[in-house]
$ cat input_20.txt   # compact mmCIF, C-alpha atoms
# COMPACT_ATOMS: atom_id res chain seq x y z
CA MET L 1 0.00 0.00 0.00
CA GLN L 2 1.17 3.53 -0.78
CA LEU L 3 0.21 6.07 1.87
CA VAL L 4 0.60 9.73 0.95
CA LEU L 5 0.55 11.97 4.02
CA HIS L 6 -0.20 15.66 3.57
CA THR L 7 1.21 17.04 6.82
CA GLY L 8 0.45 20.77 6.55
CA ALA L 9 2.16 22.82 7.69
CA HIS L 10 -0.38 24.74 9.74
CA TYR L 11 -1.50 28.07 8.32
CA THR L 12 -0.46 27.31 4.77
CA GLU L 13 -3.27 26.34 2.40
CA GLU L 14 -5.49 25.22 5.30
CA GLU L 15 -7.98 22.65 3.91
CA ARG L 16 -7.88 23.79 0.28
CA LEU L 17 -5.62 20.96 -0.85
CA LEU L 18 -7.94 18.36 0.66
CA LYS L 19 -10.95 20.02 -0.99
CA SER L 20 -9.20 19.94 -4.36
CA LEU L 21 -8.36 16.27 -3.88
CA LEU L 22 -11.94 15.40 -2.87
CA ALA L 23 -13.20 17.18 -6.00
CA ASN L 24 -11.31 14.49 -7.96
CA LYS L 25 -12.35 11.57 -5.74
CA ALA L 26 -14.30 9.64 -8.39
CA MET L 27 -11.64 10.06 -11.07
CA LEU L 28 -8.88 9.04 -8.65
CA ALA L 29 -10.82 5.99 -7.46
CA LYS L 30 -10.80 4.68 -11.04
CA ARG L 31 -7.01 5.02 -10.96
CA GLY L 32 -6.69 3.06 -7.70
CA THR L 33 -6.27 6.09 -5.41
CA CYS L 34 -8.48 6.55 -2.37
CA VAL L 35 -9.14 10.02 -0.91
CA PRO L 36 -11.15 9.35 2.25
CA GLY L 37 -13.03 12.02 4.14
CA PRO L 38 -10.96 13.32 7.06
CA SER L 39 -13.44 12.22 9.72
CA THR L 40 -12.69 8.58 8.90
CA TYR L 41 -9.05 8.69 9.93
CA ARG L 42 -7.86 11.87 11.67
CA GLY L 43 -9.01 11.01 15.18
CA LEU L 44 -8.04 7.35 14.77
CA PHE L 45 -4.49 8.12 13.62
CA ARG L 46 -4.08 10.77 16.32
CA ASP L 47 -5.16 8.40 19.09
CA THR L 48 -2.97 5.58 17.74
CA LEU L 49 0.15 7.75 17.46
CA ASN L 50 -0.44 9.22 20.93
CA ALA L 51 -0.89 5.75 22.44
CA MET L 52 2.44 4.63 20.96
CA TYR L 53 4.25 7.01 23.31
CA LYS L 54 3.27 4.65 26.14
CA SER L 55 3.19 1.22 24.49
CA SER L 56 4.37 -0.55 21.37
CA VAL L 57 2.15 -0.92 18.33
CA SER L 58 -0.34 -3.78 18.46
CA ALA L 59 -0.14 -6.51 15.84
CA GLY L 60 -3.44 -5.62 14.17
CA ALA L 61 -3.13 -1.84 14.25
CA ARG L 62 -2.16 -1.51 10.59
CA ASP L 63 -5.16 -3.49 9.35
CA VAL L 64 -7.55 -1.57 11.60
CA LEU L 65 -6.25 1.77 10.30
CA LEU L 66 -6.34 0.69 6.66
CA ASP L 67 -9.86 -0.71 7.02
CA ALA L 68 -10.99 2.69 8.29
CA VAL L 69 -9.19 4.50 5.49
CA LEU L 70 -10.32 2.29 2.62
CA ASP L 71 -13.86 1.51 3.85
CA ASP L 72 -14.14 -1.55 1.58
CA SER L 73 -12.87 0.33 -1.49
CA GLU L 74 -10.17 -1.19 -3.68
CA ALA L 75 -7.06 0.98 -3.87
CA ASP L 76 -3.29 0.74 -3.88
CA ARG L 77 -2.77 4.37 -2.86
CA ALA L 78 -4.46 6.45 -0.16
CA ILE L 79 -4.01 10.17 0.44
CA LEU L 80 -4.44 11.37 4.02
CA SER L 81 -4.42 15.07 4.86
CA ASP L 82 -3.99 16.36 8.41
CA ALA L 83 -1.94 19.36 9.51
CA ASN L 84 -1.87 17.75 12.97
CA PHE L 85 0.19 14.71 11.92
CA PHE L 86 3.12 16.52 13.58
CA ARG L 87 0.99 17.60 16.59
CA THR L 88 -1.13 20.72 17.02
CA PRO L 89 -0.41 24.42 16.39
CA ALA L 90 -0.01 24.87 20.15
CA THR L 91 3.08 22.63 20.06
CA ALA L 92 4.35 23.53 16.59
CA MET L 93 7.20 25.64 18.01
CA ILE L 94 9.10 24.62 21.14
CA GLU L 95 12.47 25.99 22.20
CA GLY L 96 13.14 27.44 18.77
CA MET L 97 12.38 24.24 16.84
CA LEU L 98 9.54 23.99 14.32
CA TYR L 99 7.56 20.76 14.79
CA PRO L 100 9.96 19.05 17.20
CA ALA L 101 7.60 16.06 17.42
CA ALA L 102 7.75 15.37 13.66
CA PRO L 103 10.72 12.95 13.66
CA VAL L 104 9.29 10.71 16.39
CA ARG L 105 5.75 10.83 14.98
CA MET L 106 6.98 9.66 11.60
CA MET L 107 9.16 6.96 13.15
CA ARG L 108 5.94 5.68 14.68
CA MET L 109 4.21 5.78 11.28
CA VAL L 110 6.98 3.57 9.90
CA GLN L 111 6.42 1.17 12.80
CA LEU L 112 2.70 1.11 12.00
CA PHE L 113 3.26 0.50 8.28
CA PRO L 114 6.62 -1.31 8.03
CA ASP L 115 5.97 -2.94 4.67
CA ASP L 116 4.09 -0.09 3.02
CA GLU L 117 5.40 2.89 1.07
CA LEU L 118 5.03 6.17 2.98
CA GLN L 119 5.38 9.62 1.44
CA ILE L 120 5.14 13.05 3.03
CA PHE L 121 3.92 16.12 1.16
CA MET L 122 4.08 19.43 2.99
CA ALA L 123 4.23 23.17 2.49
CA ILE L 124 6.60 25.39 4.43
CA ARG L 125 6.10 29.07 5.08
CA ASN L 126 8.32 32.07 5.74
CA PRO L 127 8.95 32.09 9.52
CA ALA L 128 8.60 35.87 9.43
CA THR L 129 4.87 35.45 8.73
CA LEU L 130 4.31 32.10 10.47
CA LEU L 131 5.95 32.62 13.86
CA PRO L 132 3.68 35.49 14.98
CA ILE L 133 0.69 33.18 14.46
CA LEU L 134 2.30 30.25 16.26
CA TYR L 135 3.29 32.58 19.10
CA ASP L 136 -0.34 33.63 19.56
CA VAL L 137 -1.67 30.05 19.63
CA SER L 138 1.20 28.44 21.55
CA GLY L 139 0.37 26.49 24.66
CA ASP L 140 3.25 28.33 26.35
CA ASN L 141 4.75 31.37 24.63
CA SER L 142 7.16 32.25 27.39
CA ASP L 143 10.63 32.99 26.04
CA ALA L 144 12.11 29.87 27.63
CA HIS L 145 9.49 27.53 26.15
CA PHE L 146 8.83 29.15 22.77
CA TRP L 147 12.27 30.48 21.79
CA GLY L 148 14.61 28.53 24.07
CA THR L 149 18.12 29.83 23.44
CA LYS L 150 17.30 30.93 19.88
CA ASP L 151 16.07 34.17 18.39
CA PRO L 152 13.88 34.70 15.28
CA LEU L 153 16.89 34.68 12.94
CA ASP L 154 17.84 31.17 14.08
CA ILE L 155 14.62 29.40 13.07
CA ARG L 156 15.19 26.96 10.19
CA TRP L 157 12.85 24.52 8.44
CA SER L 158 15.95 22.61 7.35
CA ASP L 159 16.65 21.66 10.99
CA THR L 160 13.27 19.95 11.28
CA LEU L 161 13.38 18.33 7.85
CA GLY L 162 16.94 17.12 8.36
CA LEU L 163 15.99 15.42 11.63
CA LEU L 164 12.87 13.98 10.00
CA ARG L 165 14.91 12.40 7.22
CA ASP L 166 17.48 11.05 9.69
CA SER L 167 14.77 9.56 11.91
CA ALA L 168 12.59 8.09 9.16
CA PRO L 169 14.72 7.69 6.02
CA GLU L 170 12.15 5.23 4.65
CA ILE L 171 9.75 8.12 4.02
CA ALA L 172 10.24 10.19 0.87
CA VAL L 173 9.50 13.87 1.47
CA THR L 174 8.14 16.41 -1.02
CA VAL L 175 8.19 20.07 0.00
CA TRP L 176 7.13 23.38 -1.51
CA CYS L 177 6.93 26.99 -0.38
CA ASN L 178 3.42 28.10 0.47
CA GLU L 179 4.24 31.40 -1.20
CA ASP L 180 4.65 29.52 -4.52
CA ALA L 181 1.55 27.35 -4.16
CA PRO L 182 -0.77 29.37 -6.46
CA LEU L 183 1.75 28.95 -9.28
CA ILE L 184 2.21 25.18 -8.87
CA TRP L 185 -1.12 24.01 -7.44
CA GLY L 186 -1.87 21.72 -10.35
CA ASN L 187 1.63 20.24 -10.15
CA ILE L 188 1.21 19.58 -6.42
CA LEU L 189 -2.08 17.78 -7.04
CA ARG L 190 -0.62 15.66 -9.84
CA GLU L 191 2.48 14.72 -7.86
CA MET L 192 0.38 13.62 -4.88
CA THR L 193 -2.10 11.64 -6.95
CA GLY L 194 0.20 10.22 -9.63
CA VAL L 195 -1.99 11.70 -12.36
CA PRO L 196 0.00 12.44 -15.55
CA ALA L 197 0.66 16.00 -16.66
CA ASN L 198 -1.77 15.81 -19.58
CA GLN L 199 -4.66 14.49 -17.43
CA PRO L 200 -7.31 17.14 -16.63
CA ILE L 201 -7.69 17.59 -12.91
CA ALA L 202 -10.38 19.56 -11.11
CA GLY L 203 -9.34 22.42 -8.88
CA GLU L 204 -5.87 23.06 -10.25
CA PHE L 205 -6.55 26.81 -10.13
CA ASP L 206 -8.42 26.85 -6.81
CA LEU L 207 -5.65 28.75 -5.05
CA LEU L 208 -5.05 31.12 -7.93
CA GLU L 209 -8.66 32.31 -7.63
CA THR L 210 -7.93 33.63 -4.14
CA ILE L 211 -5.23 36.05 -5.28
CA MET L 212 -6.40 37.05 -8.78
CA SER L 213 -9.33 39.28 -9.70
CA LYS L 214 -12.42 37.73 -11.28
CA GLU L 215 -11.68 39.56 -14.52
CA GLY L 216 -8.12 38.26 -14.48
CA MET L 217 -9.26 34.67 -13.89
CA LYS L 218 -11.78 34.95 -16.70
CA ARG L 219 -9.12 36.17 -19.12
CA PHE L 220 -6.60 33.61 -17.88
CA LEU L 221 -8.96 30.67 -18.40
CA SER L 222 -9.94 32.00 -21.82
CA TYR L 223 -6.28 32.23 -22.73
CA LEU L 224 -5.67 28.61 -21.70
CA GLU L 225 -8.69 27.49 -23.70
CA ALA L 226 -7.32 29.26 -26.76
CA HIS L 227 -3.84 27.76 -26.22
CA PRO L 228 -4.39 24.11 -25.21
CA GLU L 229 -0.80 23.24 -26.03
CA ILE L 230 0.49 25.23 -23.04
CA SER L 231 1.52 23.17 -20.02
CA GLY L 232 4.14 22.88 -17.32
CA ALA L 233 6.70 25.66 -17.12
CA GLN L 234 4.98 27.60 -19.92
CA GLN L 235 1.73 27.65 -17.96
CA GLN L 236 3.51 28.92 -14.86
CA ARG L 237 4.99 31.79 -16.87
CA VAL L 238 1.50 32.64 -18.12
CA ILE L 239 0.17 32.59 -14.54
CA SER L 240 2.96 34.94 -13.46
CA ALA L 241 2.16 37.30 -16.31
CA PHE L 242 -1.54 37.44 -15.41
CA LEU L 243 -0.72 37.93 -11.72
CA ASP L 244 1.48 40.88 -12.59
CA LYS L 245 -1.60 42.57 -14.03
CA PHE L 246 -4.55 41.14 -12.09
CA ALA L 247 -3.27 40.17 -8.62
CA LEU L 248 -5.42 41.20 -5.66
CA GLU L 249 -2.99 43.29 -3.64
CA ASP L 250 -4.89 42.82 -0.37
CA ALA L 251 -4.67 39.04 -0.77
CA LEU L 252 -0.90 39.19 -1.19
CA GLU L 253 -0.25 41.40 1.84
CA GLU L 254 0.16 39.84 5.28
CA GLU L 255 -0.22 41.63 8.58
CA LEU L 256 2.59 41.05 11.06
CA ASP L 257 1.87 41.68 14.73
CA MET L 258 4.90 40.74 16.80
CA PRO L 259 6.18 42.95 19.60
CA ASP L 260 9.52 44.66 18.89
CA TRP L 261 9.91 43.24 15.39
CA THR L 262 11.25 45.79 12.93
CA ASP L 263 10.99 45.91 9.16
CA GLU L 264 14.72 45.21 9.02
CA LEU L 265 14.34 42.04 11.11
CA VAL L 266 11.50 40.77 8.92
CA GLU L 267 13.56 41.41 5.80
CA GLU L 268 16.54 39.55 7.28
CA MET L 269 14.31 36.63 8.32
CA THR L 270 12.95 36.48 4.77
CA ASP L 271 16.49 36.42 3.36
CA ASN L 272 17.31 33.58 5.77
CA TYR L 273 14.21 31.72 4.59
CA ASP L 274 15.36 32.00 0.98
CA GLN L 275 18.75 30.59 1.97
CA ASP L 276 17.09 27.84 3.98
CA VAL L 277 15.10 26.76 0.92
CA LEU L 278 18.39 26.22 -0.89
CA ARG L 279 19.65 24.24 2.11
CA ILE L 280 16.55 22.02 2.11
CA GLN L 281 17.05 21.21 -1.55
CA GLN L 282 20.41 19.65 -0.63
CA ILE L 283 18.96 17.25 1.96
CA PRO L 284 19.00 13.69 0.54
CA GLY L 285 15.55 12.22 0.06
CA ILE L 286 13.76 15.55 -0.21
CA ARG L 287 12.17 16.69 -3.44
CA PHE L 288 11.40 20.39 -3.70
CA LEU L 289 8.60 21.59 -5.96
CA GLN L 290 8.98 25.10 -7.34
CA PRO L 291 7.78 27.20 -10.28
$ encode --input "input_20.txt" --output "structure tokens"
Amino acid sequence: MQLVLHTGAHYTEEERLLKSLLANKAMLAKRGTCVPGPSTYRGLFRDTLNAMYKSSVSAGARDVLLDAVLDDSEADRAILSDANFFRTPATAMIEGMLYPAAPVRMMRMVQLFPDDELQIFMAIRNPATLLPILYDVSGDNSDAHFWGTKDPLDIRWSDTLGLLRDSAPEIAVTVWCNEDAPLIWGNILREMTGVPANQPIAGEFDLLETIMSKEGMKRFLSYLEAHPEISGAQQQRVISAFLDKFALEDALEEELDMPDWTDELVEEMTDNYDQDVLRIQQIPGIRFLQP
């Protein structure tokens, strides 16, 4: 069995990716891919992973979980989406580490599914815009608990992803920047589902609609209809061109509300994020999707 885990991160595309996948549920079922509703597995996986902190996995746990996921359907691939696979937003940042529970949680997934193929798909987001949100929702945002010995310039996604790969090298990891998602949404969907590039897929412009004016979307879709030969990198260049003219400025702007943060600090954090993306691309076993 191939299990594709969409693990967030929190405050990226929220549930939009799952909605786009569910819009293709019937088509994917014909191709042997199951996209179950989240209520069938989220609580069950959470309880199972939490229980494994106290006791080893039971012999029948895999079959129980797969029965819940598949619900009598025939499939060789299942896509499960839950931003809480790595724990909740309240514990997403502890002592300056993003998702410190991720390595152990995924080790436990390997123990649950030792003979199955596991894949992780996840978006990352600029810490300059993410950390203020995580600070607000943290279970303990005292300096000692939230930041530890680090400061905002020290926070790296590559630290988490490097530990994740070291702890669970059996799991292939695919990553993209949330900031790029509107440009590569269709590619993300196809990579997760195994659908070929020339296969129509519903919802591939769902995210683009949130940052482009209605007039721009209308013209963009008309342009694609008139130029059916455009695909891949060419299509992304077309999207960029239409965004240059029809982007909704309010949708692209993000409010930052963090005490004592200056514009200079945010700019330096963003530069660090860009460098960290390059670092992530060098981690063995990680595939990075980009425009």
$ closest_residue --input "input_20.txt" --among "L:Leu21, L:Met106, L:Ala9, L:Ala78" --to "Gly203 (chain L)" --atoms "all atoms listed in the file"
L:Leu21
$ atom_distance --input "input_20.txt" --atom1 "CA of Lys150 (chain L)" --atom2 "CA of Met97 (chain L)"
8.8 Å
$ residues_around --input "input_20.txt" --residues "region 164-171 of chain L" --least-positions-apart "4" --cutoff "9 Å" --atoms "all atoms listed in the file" --output "ChimeraX atom specification"
/L:102-104,106-110,117-120,159-160,283-286
$ residues_around --input "input_20.txt" --residues "region 11-19 of chain L" --least-positions-apart "2" --cutoff "10 Å" --atoms "all atoms listed in the file" --output "PDB file with C-alpha atoms, keeping the file's coordinate frame"
ATOM      1  CA  HIS L   6      -0.200  15.660   3.570  1.00  0.00           C
ATOM      2  CA  GLY L   8       0.450  20.770   6.550  1.00  0.00           C
ATOM      3  CA  ALA L   9       2.160  22.820   7.690  1.00  0.00           C
ATOM      4  CA  LEU L  21      -8.360  16.270  -3.880  1.00  0.00           C
ATOM      5  CA  LEU L  22     -11.940  15.400  -2.870  1.00  0.00           C
ATOM      6  CA  ALA L  23     -13.200  17.180  -6.000  1.00  0.00           C
ATOM      7  CA  ASN L  24     -11.310  14.490  -7.960  1.00  0.00           C
ATOM      8  CA  LYS L  25     -12.350  11.570  -5.740  1.00  0.00           C
ATOM      9  CA  VAL L  35      -9.140  10.020  -0.910  1.00  0.00           C
ATOM     10  CA  PRO L  36     -11.150   9.350   2.250  1.00  0.00           C
ATOM     11  CA  GLY L  37     -13.030  12.020   4.140  1.00  0.00           C
ATOM     12  CA  PRO L  38     -10.960  13.320   7.060  1.00  0.00           C
ATOM     13  CA  ILE L  79      -4.010  10.170   0.440  1.00  0.00           C
ATOM     14  CA  LEU L  80      -4.440  11.370   4.020  1.00  0.00           C
ATOM     15  CA  SER L  81      -4.420  15.070   4.860  1.00  0.00           C
ATOM     16  CA  ASP L  82      -3.990  16.360   8.410  1.00  0.00           C
ATOM     17  CA  ALA L  83      -1.940  19.360   9.510  1.00  0.00           C
ATOM     18  CA  PRO L  89      -0.410  24.420  16.390  1.00  0.00           C
ATOM     19  CA  MET L 122       4.080  19.430   2.990  1.00  0.00           C
ATOM     20  CA  ALA L 123       4.230  23.170   2.490  1.00  0.00           C
ATOM     21  CA  ILE L 124       6.600  25.390   4.430  1.00  0.00           C
ATOM     22  CA  ARG L 125       6.100  29.070   5.080  1.00  0.00           C
ATOM     23  CA  THR L 129       4.870  35.450   8.730  1.00  0.00           C
ATOM     24  CA  LEU L 130       4.310  32.100  10.470  1.00  0.00           C
ATOM     25  CA  ILE L 133       0.690  33.180  14.460  1.00  0.00           C
ATOM     26  CA  LEU L 134       2.300  30.250  16.260  1.00  0.00           C
ATOM     27  CA  CYS L 177       6.930  26.990  -0.380  1.00  0.00           C
ATOM     28  CA  ASN L 178       3.420  28.100   0.470  1.00  0.00           C
ATOM     29  CA  GLU L 179       4.240  31.400  -1.200  1.00  0.00           C
ATOM     30  CA  ALA L 181       1.550  27.350  -4.160  1.00  0.00           C
ATOM     31  CA  PRO L 182      -0.770  29.370  -6.460  1.00  0.00           C
ATOM     32  CA  TRP L 185      -1.120  24.010  -7.440  1.00  0.00           C
ATOM     33  CA  ILE L 188       1.210  19.580  -6.420  1.00  0.00           C
ATOM     34  CA  LEU L 189      -2.080  17.780  -7.040  1.00  0.00           C
ATOM     35  CA  GLY L 203      -9.340  22.420  -8.880  1.00  0.00           C
ATOM     36  CA  GLU L 204      -5.870  23.060 -10.250  1.00  0.00           C
ATOM     37  CA  ASP L 206      -8.420  26.850  -6.810  1.00  0.00           C
ATOM     38  CA  LEU L 207      -5.650  28.750  -5.050  1.00  0.00           C
TER      39      LEU L 207
END
$ closest_atom_pairs --input "input_20.txt" --of "region 42-145 of chain L" --to "region 258-270 of chain L" --cutoff "10 Å" --atoms "all atoms listed in the file" --output "CSV"
residue,atom,partner,partner_atom,distance
L:Asn126,CA,L:Thr270,CA,6.5
L:Pro127,CA,L:Met269,CA,7.1
L:Ala128,CA,L:Val266,CA,5.7
L:Thr129,CA,L:Val266,CA,8.5
L:Leu131,CA,L:Met258,CA,8.7
L:Pro132,CA,L:Met258,CA,5.7
L:Ile133,CA,L:Met258,CA,9.0
L:Tyr135,CA,L:Met258,CA,8.6
L:Asp136,CA,L:Met258,CA,9.3
$ closest_residue --input "input_20.txt" --among "L:Val195, L:Leu44, L:Ile155, L:Met212" --to "Leu248 (chain L)" --atoms "only C-alpha atoms"
L:Met212
$ atom_distance --input "input_20.txt" --atom1 "CA of Met52 (chain L)" --atom2 "CA of Asn141 (chain L)"
27.1 Å
$ residues_near_point --input "input_20.txt" --point "(9.5, 28.3, 20.8)" --cutoff "7 Å" --atoms "only C-alpha atoms" --output "count of residues only"
10
$ residues_around --input "input_20.txt" --residues "Leu65 (chain L)" --least-positions-apart "6" --cutoff "10 Å" --atoms "only C-alpha atoms" --output "PyMOL selection string"
chain L and resi 40-41+44-45+48+71+112-113
$ write_last_selection --input "input_20.txt" --atoms "C-alpha atoms" --output "compact mmCIF listing (two decimals), keeping the file's coordinate frame"
# COMPACT_ATOMS: atom_id res chain seq x y z
CA THR L 40 -12.69 8.58 8.90
CA TYR L 41 -9.05 8.69 9.93
CA LEU L 44 -8.04 7.35 14.77
CA PHE L 45 -4.49 8.12 13.62
CA THR L 48 -2.97 5.58 17.74
CA ASP L 71 -13.86 1.51 3.85
CA LEU L 112 2.70 1.11 12.00
CA PHE L 113 3.26 0.50 8.28
$ closest_residue --input "input_20.txt" --among "L:Asn187, L:Gln111, L:Ser20, L:Ser73" --to "Ser56 (chain L)" --atoms "all atoms listed in the file"
L:Gln111
$ atom_distance --input "input_20.txt" --atom1 "CA of Gln236 (chain L)" --atom2 "CA of Gln290 (chain L)"
10.1 Å
$ closest_residue --input "input_20.txt" --among "L:Arg105, L:Arg219, L:Arg237, L:His227" --to "Tyr53 (chain L)" --atoms "all atoms listed in the file"
L:Arg105
$ closest_residue --input "input_20.txt" --among "L:Ala59, L:Ile230, L:Met217, L:Ile211" --to "Glu249 (chain L)" --atoms "all atoms listed in the file"
L:Ile211
$ closest_residue --input "input_20.txt" --among "L:Leu278, L:Ile201, L:Ala172, L:Leu208" --to "Ala247 (chain L)" --atoms "only C-alpha atoms"
L:Leu208
$ residues_near_point --input "input_20.txt" --point "(-3.9, 0.6, -2.3)" --cutoff "7 Å" --atoms "all atoms listed in the file" --output "PyMOL selection string"
chain L and resi 1-2+32-33+74-78
$ residues_around --input "input_20.txt" --residues "region 240-244 of chain L" --least-positions-apart "6" --cutoff "8 Å" --atoms "all atoms listed in the file" --output "list in words"
Leu183, Met212, Gly216 and Phe220 of chain L
$ write_last_selection --input "input_20.txt" --atoms "C-alpha atoms" --output "PDB file, in the coordinates of the input"
ATOM      1  CA  LEU L 183       1.750  28.950  -9.280  1.00  0.00           C
ATOM      2  CA  MET L 212      -6.400  37.050  -8.780  1.00  0.00           C
ATOM      3  CA  GLY L 216      -8.120  38.260 -14.480  1.00  0.00           C
ATOM      4  CA  PHE L 220      -6.600  33.610 -17.880  1.00  0.00           C
TER       5      PHE L 220
END
$ build_atoms --input "input_20.txt" --residues "region 280-288 of chain L" --atoms "all heavy atoms" --output "compact mmCIF listing (two decimals), keeping the file's coordinate frame"
# COMPACT_ATOMS: atom_id res chain seq x y z
N ILE L 280 17.47 23.16 2.13
CA ILE L 280 16.55 22.02 2.11
C ILE L 280 16.71 21.21 0.83
O ILE L 280 16.65 19.98 0.84
CB ILE L 280 15.10 22.52 2.26
CG1 ILE L 280 14.88 23.09 3.66
CG2 ILE L 280 14.09 21.41 1.99
CD1 ILE L 280 13.59 23.88 3.82
N GLN L 281 16.92 21.90 -0.27
CA GLN L 281 17.05 21.21 -1.55
C GLN L 281 18.27 20.30 -1.60
O GLN L 281 18.36 19.42 -2.46
CB GLN L 281 17.12 22.24 -2.68
CG GLN L 281 15.82 23.00 -2.87
CD GLN L 281 15.93 24.08 -3.93
OE1 GLN L 281 16.68 23.96 -4.89
NE2 GLN L 281 15.19 25.17 -3.75
N GLN L 282 19.21 20.48 -0.67
CA GLN L 282 20.41 19.65 -0.63
C GLN L 282 20.27 18.45 0.31
O GLN L 282 21.17 17.62 0.38
CB GLN L 282 21.61 20.50 -0.19
CG GLN L 282 21.88 21.71 -1.06
CD GLN L 282 22.06 21.36 -2.52
OE1 GLN L 282 22.80 20.43 -2.84
NE2 GLN L 282 21.37 22.08 -3.40
N ILE L 283 19.15 18.37 1.04
CA ILE L 283 18.96 17.25 1.96
C ILE L 283 18.57 16.01 1.16
O ILE L 283 17.59 16.02 0.42
CB ILE L 283 17.86 17.57 3.00
CG1 ILE L 283 18.25 18.78 3.84
CG2 ILE L 283 17.62 16.36 3.91
CD1 ILE L 283 17.16 19.23 4.81
N PRO L 284 19.33 14.92 1.28
CA PRO L 284 19.00 13.69 0.54
C PRO L 284 17.60 13.19 0.88
O PRO L 284 17.19 13.20 2.04
CB PRO L 284 20.07 12.70 1.02
CG PRO L 284 21.21 13.55 1.48
CD PRO L 284 20.57 14.78 2.08
N GLY L 285 16.88 12.77 -0.15
CA GLY L 285 15.55 12.22 0.06
C GLY L 285 14.44 13.23 0.06
O GLY L 285 13.28 12.87 0.25
N ILE L 286 14.79 14.51 -0.14
CA ILE L 286 13.76 15.55 -0.21
C ILE L 286 13.66 16.08 -1.63
O ILE L 286 14.67 16.44 -2.24
CB ILE L 286 14.05 16.71 0.77
CG1 ILE L 286 13.84 16.23 2.21
CG2 ILE L 286 13.15 17.91 0.49
CD1 ILE L 286 14.00 17.31 3.26
N ARG L 287 12.44 16.11 -2.12
CA ARG L 287 12.17 16.69 -3.44
C ARG L 287 11.48 18.01 -3.22
O ARG L 287 10.52 18.11 -2.46
CB ARG L 287 11.28 15.74 -4.26
CG ARG L 287 10.89 16.27 -5.62
CD ARG L 287 10.04 15.28 -6.37
NE ARG L 287 8.89 14.81 -5.57
CZ ARG L 287 7.83 14.22 -6.11
NH1 ARG L 287 7.76 14.00 -7.40
NH2 ARG L 287 6.83 13.83 -5.34
N PHE L 288 11.96 19.04 -3.89
CA PHE L 288 11.40 20.39 -3.70
C PHE L 288 10.69 20.81 -4.97
O PHE L 288 11.29 20.88 -6.05
CB PHE L 288 12.53 21.38 -3.36
CG PHE L 288 12.06 22.53 -2.52
CD1 PHE L 288 12.23 22.55 -1.16
CD2 PHE L 288 11.39 23.60 -3.12
CE1 PHE L 288 11.77 23.60 -0.38
CE2 PHE L 288 10.93 24.67 -2.35
CZ PHE L 288 11.13 24.66 -0.98
